[in-house]
Structures are given as C-alpha cells and as structure tokens.
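Undergrad: Handing over upload-v5.cif, mmCIF, C-alpha atoms.
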data_final
loop_
_atom_site.group_PDB
_atom_site.id
_atom_site.type_symbol
_atom_site.label_atom_id
_atom_site.label_comp_id
_atom_site.auth_asym_id
_atom_site.auth_seq_id
_atom_site.Cartn_x
_atom_site.Cartn_y
_atom_site.Cartn_z
ATOM 1 C CA MET A 1 4.232 -8.652 20.163
ATOM 2 C CA VAL A 2 3.595 -11.084 17.309
ATOM 3 C CA GLU A 3 1.483 -10.282 14.268
ATOM 4 C CA ILE A 4 2.905 -6.781 13.891
ATOM 5 C CA PRO A 5 1.329 -5.118 10.818
ATOM 6 C CA GLU A 6 3.561 -5.507 7.786
ATOM 7 C CA LYS A 7 4.137 -1.775 7.232
ATOM 8 C CA ILE A 8 5.360 -1.312 10.797
ATOM 9 C CA ARG A 9 7.369 -4.527 10.749
ATOM 10 C CA LYS A 10 9.274 -3.283 7.707
ATOM 11 C CA LEU A 11 10.146 -0.025 9.462
ATOM 12 C CA THR A 12 11.217 -1.593 12.755
ATOM 13 C CA GLN A 13 12.707 -4.817 11.335
ATOM 14 C CA ASP A 14 15.008 -6.450 13.904
ATOM 15 C CA ARG A 15 16.023 -3.233 15.643
ATOM 16 C CA ALA A 16 16.714 -3.347 19.377
ATOM 17 C CA PHE A 17 14.132 -1.820 21.724
ATOM 18 C CA ARG A 18 13.182 -1.616 25.365
ATOM 19 C CA THR A 19 9.735 -1.485 26.947
ATOM 20 C CA ASP A 20 8.775 1.725 28.732
ATOM 21 C CA HIS A 21 6.564 1.445 31.837
ATOM 22 C CA THR A 22 6.218 5.152 32.705
ATOM 23 C CA GLY A 23 2.681 6.437 33.141
ATOM 24 C CA MET A 24 -0.662 4.840 33.933
ATOM 25 C CA SER A 25 -2.126 3.911 30.555
ATOM 26 C CA ASP A 26 -2.816 0.398 29.288
ATOM 27 C CA SER A 27 -0.723 0.988 26.170
ATOM 28 C CA LYS A 28 2.402 -1.005 25.414
ATOM 29 C CA ILE A 29 5.305 1.302 24.572
ATOM 30 C CA LEU A 30 8.437 0.099 22.780
ATOM 31 C CA LEU A 31 11.358 2.533 22.668
ATOM 32 C CA TYR A 32 13.854 2.356 19.817
ATOM 33 C CA ASP A 33 16.843 4.664 19.434
ATOM 34 C CA ASP A 34 14.923 7.154 17.300
ATOM 35 C CA MET A 35 11.365 5.765 17.198
ATOM 36 C CA VAL A 36 8.531 4.802 19.525
ATOM 37 C CA LEU A 37 5.935 2.105 18.870
ATOM 38 C CA LYS A 38 2.688 2.510 20.807
ATOM 39 C CA VAL A 39 0.240 -0.398 20.820
ATOM 40 C CA GLN A 40 -3.207 0.006 22.345
ATOM 41 C CA ALA A 41 -6.739 -1.254 22.028
ATOM 42 C CA ALA A 42 -8.863 0.441 19.398
ATOM 43 C CA ASP A 43 -11.286 2.054 21.872
ATOM 44 C CA ARG A 44 -14.844 3.300 21.521
ATOM 45 C CA MET A 45 -13.746 6.835 22.425
ATOM 46 C CA GLY A 46 -11.516 6.899 19.363
ATOM 47 C CA GLU A 47 -8.475 8.108 21.289
ATOM 48 C CA ALA A 48 -6.035 5.919 19.357
ATOM 49 C CA ALA A 49 -7.237 7.255 16.011
ATOM 50 C CA ASN A 50 -7.411 10.819 17.366
ATOM 51 C CA GLU A 51 -3.790 10.671 18.515
ATOM 52 C CA CYS A 52 -2.616 9.949 14.974
ATOM 53 C CA ARG A 53 -4.925 12.608 13.507
ATOM 54 C CA MET A 54 -3.900 15.306 16.013
ATOM 55 C CA MET A 55 -0.205 14.497 15.711
ATOM 56 C CA ARG A 56 -0.399 15.081 11.970
ATOM 57 C CA TRP A 57 -2.437 18.284 12.388
ATOM 58 C CA LEU A 58 0.039 19.668 14.932
ATOM 59 C CA GLN A 59 3.092 19.256 12.692
ATOM 60 C CA GLY A 60 4.638 22.724 12.350
ATOM 61 C CA LYS A 61 2.429 24.078 15.139
ATOM 62 C CA LEU A 62 3.912 22.368 18.205
ATOM 63 C CA PRO A 63 6.829 20.038 18.922
ATOM 64 C CA VAL A 64 5.153 16.632 18.694
ATOM 65 C CA PRO A 65 6.360 13.305 17.258
ATOM 66 C CA GLU A 66 6.049 12.686 13.540
ATOM 67 C CA VAL A 67 3.778 9.825 12.503
ATOM 68 C CA LEU A 68 5.768 7.173 10.633
ATOM 69 C CA ALA A 69 2.944 4.642 10.392
ATOM 70 C CA CYS A 70 -0.501 4.189 11.922
ATOM 71 C CA GLU A 71 -2.320 0.878 11.455
ATOM 72 C CA GLU A 72 -5.350 -0.826 12.982
ATOM 73 C CA GLU A 73 -5.591 -4.615 12.940
ATOM 74 C CA ASP A 74 -7.512 -7.156 15.012
ATOM 75 C CA GLY A 75 -8.845 -4.580 17.458
ATOM 76 C CA LYS A 76 -5.463 -2.962 18.112
ATOM 77 C CA ASN A 77 -4.004 0.354 17.029
ATOM 78 C CA TRP A 78 -0.304 0.469 16.152
ATOM 79 C CA LEU A 79 1.293 3.915 16.097
ATOM 80 C CA LEU A 80 4.938 4.224 15.053
ATOM 81 C CA MET A 81 6.339 7.705 15.570
ATOM 82 C CA THR A 82 9.608 9.546 15.884
ATOM 83 C CA ARG A 83 11.094 9.841 19.366
ATOM 84 C CA LEU A 84 11.187 13.275 20.971
ATOM 85 C CA PRO A 85 14.534 14.526 22.263
ATOM 86 C CA GLY A 86 14.936 15.480 25.903
ATOM 87 C CA LYS A 87 13.401 14.060 29.071
ATOM 88 C CA MET A 88 9.955 13.814 30.643
ATOM 89 C CA LEU A 89 9.266 16.466 33.268
ATOM 90 C CA CYS A 90 8.892 13.716 35.882
ATOM 91 C CA ASP A 91 12.592 12.910 35.395
ATOM 92 C CA GLU A 92 14.612 13.247 38.589
ATOM 93 C CA SER A 93 16.747 16.028 37.109
ATOM 94 C CA TYR A 94 13.650 18.251 36.814
ATOM 95 C CA MET A 95 11.931 17.081 39.981
ATOM 96 C CA LYS A 96 14.984 18.273 41.926
ATOM 97 C CA ASN A 97 14.681 21.703 40.308
ATOM 98 C CA PRO A 98 11.042 22.688 40.879
ATOM 99 C CA GLU A 99 11.493 26.314 39.809
ATOM 100 C CA LEU A 100 12.715 25.214 36.387
ATOM 101 C CA LEU A 101 10.105 22.447 36.149
ATOM 102 C CA VAL A 102 7.213 24.811 36.851
ATOM 103 C CA CYS A 103 8.622 27.386 34.426
ATOM 104 C CA ILE A 104 8.736 24.785 31.622
ATOM 105 C CA LEU A 105 5.274 23.474 32.545
ATOM 106 C CA ALA A 106 3.754 26.965 32.397
ATOM 107 C CA GLU A 107 5.477 27.745 29.102
ATOM 108 C CA SER A 108 4.196 24.452 27.669
ATOM 109 C CA LEU A 109 0.631 25.402 28.603
ATOM 110 C CA GLN A 110 1.037 28.787 26.939
ATOM 111 C CA MET A 111 2.363 27.117 23.785
ATOM 112 C CA LEU A 112 -0.863 25.120 23.569
ATOM 113 C CA TRP A 113 -3.014 28.201 24.103
ATOM 114 C CA ARG A 114 -1.278 30.109 21.282
ATOM 115 C CA VAL A 115 -2.229 27.528 18.634
ATOM 116 C CA ASP A 116 -4.918 28.674 16.180
ATOM 117 C CA ILE A 117 -7.833 26.261 16.710
ATOM 118 C CA SER A 118 -10.070 27.477 13.898
ATOM 119 C CA ASP A 119 -9.632 24.214 11.981
ATOM 120 C CA CYS A 120 -8.811 21.847 14.851
ATOM 121 C CA PRO A 121 -10.116 18.375 13.906
ATOM 122 C CA CYS A 122 -11.197 17.349 17.419
ATOM 123 C CA VAL A 123 -13.629 18.949 19.867
ATOM 124 C CA ASN A 124 -13.362 17.887 23.514
ATOM 125 C CA ASP A 125 -15.508 20.538 25.190
ATOM 126 C CA LEU A 126 -17.766 19.813 28.141
ATOM 127 C CA ASP A 127 -20.696 18.779 25.974
ATOM 128 C CA ARG A 128 -18.604 15.935 24.557
ATOM 129 C CA LYS A 129 -16.736 15.108 27.771
ATOM 130 C CA LEU A 130 -19.942 14.795 29.779
ATOM 131 C CA GLN A 131 -21.507 12.675 27.056
ATOM 132 C CA MET A 132 -18.511 10.307 27.192
ATOM 133 C CA ALA A 133 -18.570 10.340 30.989
ATOM 134 C CA ARG A 134 -22.243 9.327 30.959
ATOM 135 C CA TYR A 135 -21.441 6.407 28.657
ATOM 136 C CA ASN A 136 -18.681 5.247 31.023
ATOM 137 C CA VAL A 137 -20.950 5.506 34.059
ATOM 138 C CA GLU A 138 -23.918 3.755 32.430
ATOM 139 C CA ASN A 139 -21.713 0.923 31.161
ATOM 140 C CA GLY A 140 -19.746 0.338 34.374
ATOM 141 C CA LEU A 141 -16.462 1.533 32.858
ATOM 142 C CA VAL A 142 -15.323 3.823 35.694
ATOM 143 C CA ASP A 143 -12.117 2.471 37.246
ATOM 144 C CA MET A 144 -12.955 2.662 40.952
ATOM 145 C CA ASP A 145 -9.506 1.354 41.875
ATOM 146 C CA ASN A 146 -7.815 4.406 40.378
ATOM 147 C CA VAL A 147 -9.589 7.409 41.900
ATOM 148 C CA GLU A 148 -8.689 10.012 44.504
ATOM 149 C CA PRO A 149 -9.334 8.552 47.978
ATOM 150 C CA GLU A 150 -11.722 11.359 48.922
ATOM 151 C CA THR A 151 -13.883 11.258 45.787
ATOM 152 C CA PHE A 152 -16.268 8.492 46.844
ATOM 153 C CA GLY A 153 -17.471 7.233 50.200
ATOM 154 C CA GLU A 154 -17.770 9.125 53.471
ATOM 155 C CA GLY A 155 -17.558 12.850 52.823
ATOM 156 C CA GLY A 156 -17.518 12.315 49.058
ATOM 157 C CA PHE A 157 -19.916 11.183 46.362
ATOM 158 C CA GLN A 158 -22.116 8.139 46.844
ATOM 159 C CA SER A 159 -21.367 6.681 43.411
ATOM 160 C CA PRO A 160 -20.174 7.553 39.886
ATOM 161 C CA GLU A 161 -23.841 8.276 39.041
ATOM 162 C CA HIS A 162 -23.989 10.790 41.885
ATOM 163 C CA LEU A 163 -20.750 12.428 40.714
ATOM 164 C CA LEU A 164 -21.965 12.643 37.114
ATOM 165 C CA GLU A 165 -25.175 14.316 38.251
ATOM 166 C CA TRP A 166 -23.134 16.908 40.188
ATOM 167 C CA LEU A 167 -20.874 17.535 37.181
ATOM 168 C CA GLU A 168 -23.831 18.075 34.874
ATOM 169 C CA GLU A 169 -25.448 20.507 37.305
ATOM 170 C CA ASN A 170 -22.296 22.498 38.124
ATOM 171 C CA ARG A 171 -20.489 22.880 34.802
ATOM 172 C CA PRO A 172 -18.362 26.040 34.637
ATOM 173 C CA THR A 173 -18.107 28.606 31.863
ATOM 174 C CA GLU A 174 -15.489 27.418 29.366
ATOM 175 C CA GLU A 175 -12.457 29.268 27.952
ATOM 176 C CA ILE A 176 -11.867 27.237 24.792
ATOM 177 C CA VAL A 177 -8.254 26.709 23.667
ATOM 178 C CA LEU A 178 -6.177 23.845 22.341
ATOM 179 C CA SER A 179 -6.098 21.363 25.220
ATOM 180 C CA HIS A 180 -3.679 18.475 25.597
ATOM 181 C CA GLY A 181 -6.323 16.538 27.525
ATOM 182 C CA ASP A 182 -3.904 14.578 29.727
ATOM 183 C CA PHE A 183 -1.512 17.322 30.774
ATOM 184 C CA CYS A 184 0.667 15.570 33.348
ATOM 185 C CA LEU A 185 4.422 15.473 33.887
ATOM 186 C CA PRO A 186 5.189 12.239 31.961
ATOM 187 C CA ASN A 187 3.500 13.650 28.844
ATOM 188 C CA ILE A 188 5.531 16.874 28.710
ATOM 189 C CA PHE A 189 9.142 16.781 27.503
ATOM 190 C CA ALA A 190 11.926 19.270 28.113
ATOM 191 C CA GLU A 191 15.337 19.850 26.595
ATOM 192 C CA LYS A 192 17.620 21.334 29.235
ATOM 193 C CA GLU A 193 15.817 24.565 30.200
ATOM 194 C CA LYS A 194 13.238 24.686 27.386
ATOM 195 C CA PRO A 195 9.985 22.871 26.536
ATOM 196 C CA GLY A 196 10.774 19.860 24.380
ATOM 197 C CA GLY A 197 7.378 18.679 23.214
ATOM 198 C CA PHE A 198 4.182 16.758 23.910
ATOM 199 C CA ILE A 199 3.267 13.073 23.766
ATOM 200 C CA ASP A 200 0.152 10.964 24.462
ATOM 201 C CA LEU A 201 -2.167 13.101 22.341
ATOM 202 C CA GLY A 202 -5.229 10.844 22.223
ATOM 203 C CA LYS A 203 -7.342 13.310 24.230
ATOM 204 C CA THR A 204 -6.029 16.434 22.522
ATOM 205 C CA GLY A 205 -8.560 18.851 21.011
ATOM 206 C CA THR A 206 -10.425 22.046 21.770
ATOM 207 C CA ALA A 207 -11.522 22.329 25.393
ATOM 208 C CA ASP A 208 -11.555 24.608 28.422
ATOM 209 C CA LYS A 209 -8.038 25.792 29.336
ATOM 210 C CA TRP A 210 -8.783 24.953 32.980
ATOM 211 C CA MET A 211 -8.922 21.238 32.233
ATOM 212 C CA ASP A 212 -5.193 21.146 31.473
ATOM 213 C CA ILE A 213 -4.437 23.491 34.368
ATOM 214 C CA ALA A 214 -6.323 21.206 36.765
ATOM 215 C CA LEU A 215 -4.545 18.049 35.595
ATOM 216 C CA ALA A 216 -1.177 19.838 35.731
ATOM 217 C CA PHE A 217 -1.943 20.967 39.294
ATOM 218 C CA ARG A 218 -2.892 17.423 40.304
ATOM 219 C CA SER A 219 0.191 15.958 38.619
ATOM 220 C CA LEU A 220 2.496 18.399 40.414
ATOM 221 C CA SER A 221 0.815 17.686 43.756
ATOM 222 C CA HIS A 222 1.001 13.910 43.396
ATOM 223 C CA ASN A 223 4.509 13.712 41.955
ATOM 224 C CA TYR A 224 5.973 15.901 44.682
ATOM 225 C CA SER A 225 3.988 14.245 47.490
ATOM 226 C CA GLY A 226 5.221 10.786 46.455
ATOM 227 C CA ARG A 227 1.859 9.412 45.328
ATOM 228 C CA TYR A 228 3.340 9.064 41.838
ATOM 229 C CA GLY A 229 6.891 7.758 41.793
ATOM 230 C CA GLY A 230 7.099 7.044 45.530
ATOM 231 C CA LYS A 231 9.605 9.767 46.427
ATOM 232 C CA VAL A 232 8.530 12.699 48.612
ATOM 233 C CA TYR A 233 9.985 16.138 47.873
ATOM 234 C CA GLU A 234 9.571 18.432 50.860
ATOM 235 C CA GLY A 235 8.549 22.065 50.691
ATOM 236 C CA PHE A 236 6.948 22.148 47.253
ATOM 237 C CA ARG A 237 3.733 24.095 46.611
ATOM 238 C CA ALA A 238 1.757 23.265 43.471
ATOM 239 C CA GLU A 239 0.453 26.865 43.578
ATOM 240 C CA ARG A 240 3.796 27.886 42.078
ATOM 241 C CA LEU A 241 2.217 27.016 38.737
ATOM 242 C CA PHE A 242 -0.227 29.923 39.051
ATOM 243 C CA GLU A 243 2.521 32.302 40.084
ATOM 244 C CA GLN A 244 4.436 31.351 36.948
ATOM 245 C CA LEU A 245 1.329 31.735 34.758
ATOM 246 C CA GLY A 246 0.458 35.081 36.332
ATOM 247 C CA MET A 247 -3.033 33.795 37.162
ATOM 248 C CA GLU A 248 -5.109 33.524 40.292
ATOM 249 C CA PRO A 249 -6.000 29.912 41.161
ATOM 250 C CA ASP A 250 -9.661 29.050 40.687
ATOM 251 C CA TYR A 251 -10.053 26.160 43.096
ATOM 252 C CA GLU A 252 -13.640 25.466 42.089
ATOM 253 C CA ARG A 253 -12.613 24.891 38.463
ATOM 254 C CA LEU A 254 -9.642 22.801 39.574
ATOM 255 C CA LYS A 255 -11.979 20.663 41.658
ATOM 256 C CA TYR A 256 -14.470 20.328 38.796
ATOM 257 C CA TYR A 257 -11.997 19.054 36.204
ATOM 258 C CA ILE A 258 -10.180 16.754 38.600
ATOM 259 C CA LEU A 259 -13.544 15.215 39.501
ATOM 260 C CA LEU A 260 -14.526 14.970 35.825
ATOM 261 C CA ASP A 261 -11.324 13.033 35.140
ATOM 262 C CA GLU A 262 -12.362 10.448 37.743
ATOM 263 C CA LEU A 263 -14.955 9.134 35.247
ATOM 264 C CA PHE A 264 -12.351 8.345 32.553
#
Could you write out this structure as structure tokens?
TA:
Amino acid sequence: MVEIPEKIRKLTQDRAFRTDHTGMSDSKILLYDDMVLKVQAADRMGEAANECRMMRWLQGKLPVPEVLACEEEDGKNWLLMTRLPGKMLCDESYMKNPELLVCILAESLQMLWRVDISDCPCVNDLDRKLQMARYNVENGLVDMDNVEPETFGEGGFQSPEHLLEWLEENRPTEEIVLSHGDFCLPNIFAEKEKPGGFIDLGKTGTADKWMDIALAFRSLSHNYSGRYGGKVYEGFRAERLFEQLGMEPDYERLKYYILLDELF
C-alpha cells in the first residue's frame, strides 16, 4: 500500500486500519473507524469511476457512503468514503434470523425501485450488459473458475460463446428501475431491524429489476446452503424473498440473469 495519492494520504495519515476480506472482488479494502479505503484496478468497464459517480448522485436519495476522495493513479482507483453503520446482511446475527433478513432484503430492493431515475448517470440495461459480455467472451475474460457448476459442460452450455449466443437470442422484456447491479448479502447493510445502506456500487445504474432479484435469490441460496461462508443453515427457502415482495417468482428471468452474470 505504498504510493498512496497525496490527497488520500492526508486524510488517512497514520490512522489504524484493518483489511477486510469479505466478498469475492479483487479490490483491497481497508477499514478505519469511520472511513473505508477501496483500492482497485482502473478497469475497462469503468466500474471504479462509476462507483464514485453513482455514490455522489445517490446522496440524499439512498443511504450510501459519502465520497471523501476519489483518485486515479498508475492504473489504480483509490476511493475513500465514509463507513456505513450497521452490519452486512451476511453477518451471523442476520443469517440466524432469516425472516428478518429477508424482510430487510425485500425492503432494500423496494428502496432502489422508488428512486427517480430520470437523470441517472449510468445505464446498465441489456443492450449495454450484452455488449460488455461479448467483449469479455471475445477477449477471454470470463472467469471459468468462478461459475455455477451446472453452467458449462455436460447438461450445460458448451462454452462462454455458446452461452452468449443463448443470452442474445432469449433476452426478456425489461422493467427498468434503479439497479444495484451486484445485489448480494455482503453489499447490503442493516441497522438492527432496518435497512442500513448499500455498498459496492460500481455496477449501479438503470437496469431490469429482475437482475437484482436474481442475484439476491442466488445470494440467499448460496449463503444458506454453505457455498458462501461454509456454514449450512437447514430449512431455509430462498422463495421467501418473493413472499416478502408480494411477487410470483419468474424462474426463467432468474435463470437468465444468473447466467448473464456468469460472463462477468
């Protein structure tokens, strides 16, 4: 962590921190008492820059961190932000209380959907997502070590190219809302029994509401089955999310967006 940009170095100085390893991103996260420093590669998709832009746009609209400094140097993006209060929804205290967890998760989705998107600075609809997916496929950027076991191979798709072709031919009708873009338990905070806020906003923008629903459904399934975190919680049904939302599950749309995420 040498060569920290001067503006960020002045704000952090010699303050104590610890490194956070929650989640699956390649970012380096340093936690201070009241701040978070996120360091990541300045990527072609522009997610690092979009996170800073969306965080600023969402001030006063949703509970998100406040940007204290955002710098890009030597191919890296440095984002210093305030630290949200509360705990991630993957925290043991919420995992042991699935009724409360699902209630907070559903309310967090509805908070996103209520935001006026008329001047949202980022569009992440299927036109853009499929364009980015094609770039990843054509440039060998799909992480084949981090996919669902049934996606490729026997009974699945022959290759990322085959999957992309299926996605382009079977795209669903979109219901455009404000989408988090990576709506999983570690990215949603709660304070006691209420939603506490959103982090990891690099993929946030306007998109189909079912993209977030699909990733929330997958996150619930994997966290409770032990795939994420290692601990199995018996008797949980991810369908509780739909009961809380008052919606019927659309398994074809869930499948579509979970498969689309395999190419990122």
Undergrad: Can you list every residue of stretch 91-114 of chain A that has an atom at most 10 Å from stretch 199-212 of chain A, with its nearest atom pair and the distance in Å to one decimal, using only C-alpha atoms, ordered by chain then number, as a tab-separated table?
TA:
residue	atom	partner	partner_atom	distance
A:Leu109	CA	A:Asp212	CA	7.8
A:Gln110	CA	A:Lys209	CA	9.9
A:Leu112	CA	A:Lys209	CA	9.2
A:Trp113	CA	A:Lys209	CA	7.6
Undergrad: Nearest to A:Ala42 among A:Leu79, A:Ile213, A:Cys90, A:Leu68, with distances taken over all atoms listed in the file: which residue is it?
TA: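 Smallest distance to A:Ala42 is found for A:Leu79.
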Undergrad: Could you list the residues chosen by the PyMOL selection byres ((chain A and resi 76) around 12) in this structure as a ChimeraX atom specification?
TA: /A:1,3-5,26-28,38-44,46-49,70-75,77-79
Undergrad: Any chance you could resolve the PyMOL selection byres ((chain A and resi 32-36) around 7) against this file and give the residues as a list in words?
TA: Ala16, Phe17, Arg18, Ile29, Leu30, Leu31, Leu37, Lys38, Leu80, Met81, Thr82 and Arg83 of chain A
Undergrad: Atom CA of A:Tyr94 and atom CA of A:His21 are how many Å apart?
TA: 18.9 Å
Undergrad: Mind checking which residues fall within 12 Å of stretch 228-232 of chain A, counting only C-alpha atoms, ignoring those fewer than 2 positions away in the same chain, and posting them as a ChimeraX atom specification?
TA: /A:21-24,90-92,95-96,184-186,218-226,234-236
Undergrad: Quick check on the file I pasted: which residues fall under the PyMOL selection byres ((chain A and resi 249) around 12)? Write them as a PyMOL selection string.
TA: chain A and resi 210+213-214+217+238-248+250-255
Undergrad: Applying 9 Å and all atoms listed in the file, which residues near stretch 195-198 of chain A remain after dropping the ones on its own chain fewer than 4 positions away? List them as a list of chain:residue names.
TA: A:Leu62, A:Pro63, A:Val64, A:Pro65, A:Leu84, A:Pro85, A:Gly86, A:Lys87, A:Met88, A:Ile104, A:Leu105, A:Glu107, A:Ser108, A:His180, A:Phe183, A:Asn187, A:Ile188, A:Phe189, A:Ala190, A:Glu191
Undergrad: Tell me which of A:Asp14, A:Ile176, A:Arg53, A:Leu215 sits closest to A:Asp116, counting only C-alpha atoms.
TA: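 Checking each of A:Asp14, A:Ile176, A:Arg53, A:Leu215 against A:Asp116, counting only C-alpha atoms, the winner is A:Ile176.
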Undergrad: Please produce, as JSON lines, a per-residue contact table for stretch 38-148 of chain A versus stretch 156-165 of chain A (criterion: any atom at most 12 Å away, all atoms listed in the file considered), showing the nearest atom pair and its distance in Å to one decimal, sorted by chain then residue number.
TA:
{"residue": "A:Lys129", "atom": "CA", "partner": "A:Leu164", "partner_atom": "CA", "distance": 11.0}
{"residue": "A:Leu130", "atom": "CA", "partner": "A:Leu164", "partner_atom": "CA", "distance": 7.9}
{"residue": "A:Gln131", "atom": "CA", "partner": "A:Leu164", "partner_atom": "CA", "distance": 10.1}
{"residue": "A:Met132", "atom": "CA", "partner": "A:Leu164", "partner_atom": "CA", "distance": 10.8}
{"residue": "A:Ala133", "atom": "CA", "partner": "A:Leu164", "partner_atom": "CA", "distance": 7.4}
{"residue": "A:Arg134", "atom": "CA", "partner": "A:Leu164", "partner_atom": "CA", "distance": 7.0}
{"residue": "A:Tyr135", "atom": "CA", "partner": "A:Leu164", "partner_atom": "CA", "distance": 10.5}
{"residue": "A:Asn136", "atom": "CA", "partner": "A:Pro160", "partner_atom": "CA", "distance": 9.3}
{"residue": "A:Val137", "atom": "CA", "partner": "A:Pro160", "partner_atom": "CA", "distance": 6.2}
{"residue": "A:Glu138", "atom": "CA", "partner": "A:Glu161", "partner_atom": "CA", "distance": 8.0}
{"residue": "A:Asn139", "atom": "CA", "partner": "A:Glu161", "partner_atom": "CA", "distance": 11.0}
{"residue": "A:Gly140", "atom": "CA", "partner": "A:Pro160", "partner_atom": "CA", "distance": 9.1}
{"residue": "A:Leu141", "atom": "CA", "partner": "A:Pro160", "partner_atom": "CA", "distance": 10.0}
{"residue": "A:Val142", "atom": "CA", "partner": "A:Pro160", "partner_atom": "CA", "distance": 7.4}
{"residue": "A:Asp143", "atom": "CA", "partner": "A:Pro160", "partner_atom": "CA", "distance": 9.9}
{"residue": "A:Met144", "atom": "CA", "partner": "A:Pro160", "partner_atom": "CA", "distance": 8.8}
{"residue": "A:Val147", "atom": "CA", "partner": "A:Pro160", "partner_atom": "CA", "distance": 10.8}
{"residue": "A:Glu148", "atom": "CA", "partner": "A:Gly156", "partner_atom": "CA", "distance": 10.2}
Undergrad: Which one of A:Thr151, A:Thr12, A:Asn50, A:Thr19 sits closest to A:Cys122 if you count all atoms listed in the file?
TA: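 Ranked by minimum distance to A:Cys122, first place goes to A:Asn50.
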Undergrad: One decimal, in Å: what's the spacing between atom CA of A:Glu169 and atom CA of A:Leu259?
TA: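 Value for the atom CA of A:Glu169-atom CA of A:Leu259 distance: 13.2 Å.
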Undergrad: Measuring between all atoms listed in the file, which one of A:Glu99, A:Glu168, A:Asp127, A:Glu262 shows the shortest distance to A:Glu193?
TA: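 That would be A:Glu99, the residue with the smallest distance to A:Glu193.
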Undergrad: Measure the distance from atom CA of A:Asn124 to atom CA of A:Thr173 in Å and round it to one decimal.
TA: 14.4 Å
Undergrad: A:Tyr233, A:Lys194, A:Lys7, A:Asp119: which is nearest A:Leu101, counting only C-alpha atoms?
TA: A:Lys194
Undergrad: Select, from A:Gly60, A:Tyr257, A:Asp182, A:Met54, the residue with the minimum atom-to-atom distance to A:Asn170, counting only C-alpha atoms.
TA: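 Between A:Gly60, A:Tyr257, A:Asp182, A:Met54, the residue approaching A:Asn170 most closely is A:Tyr257.
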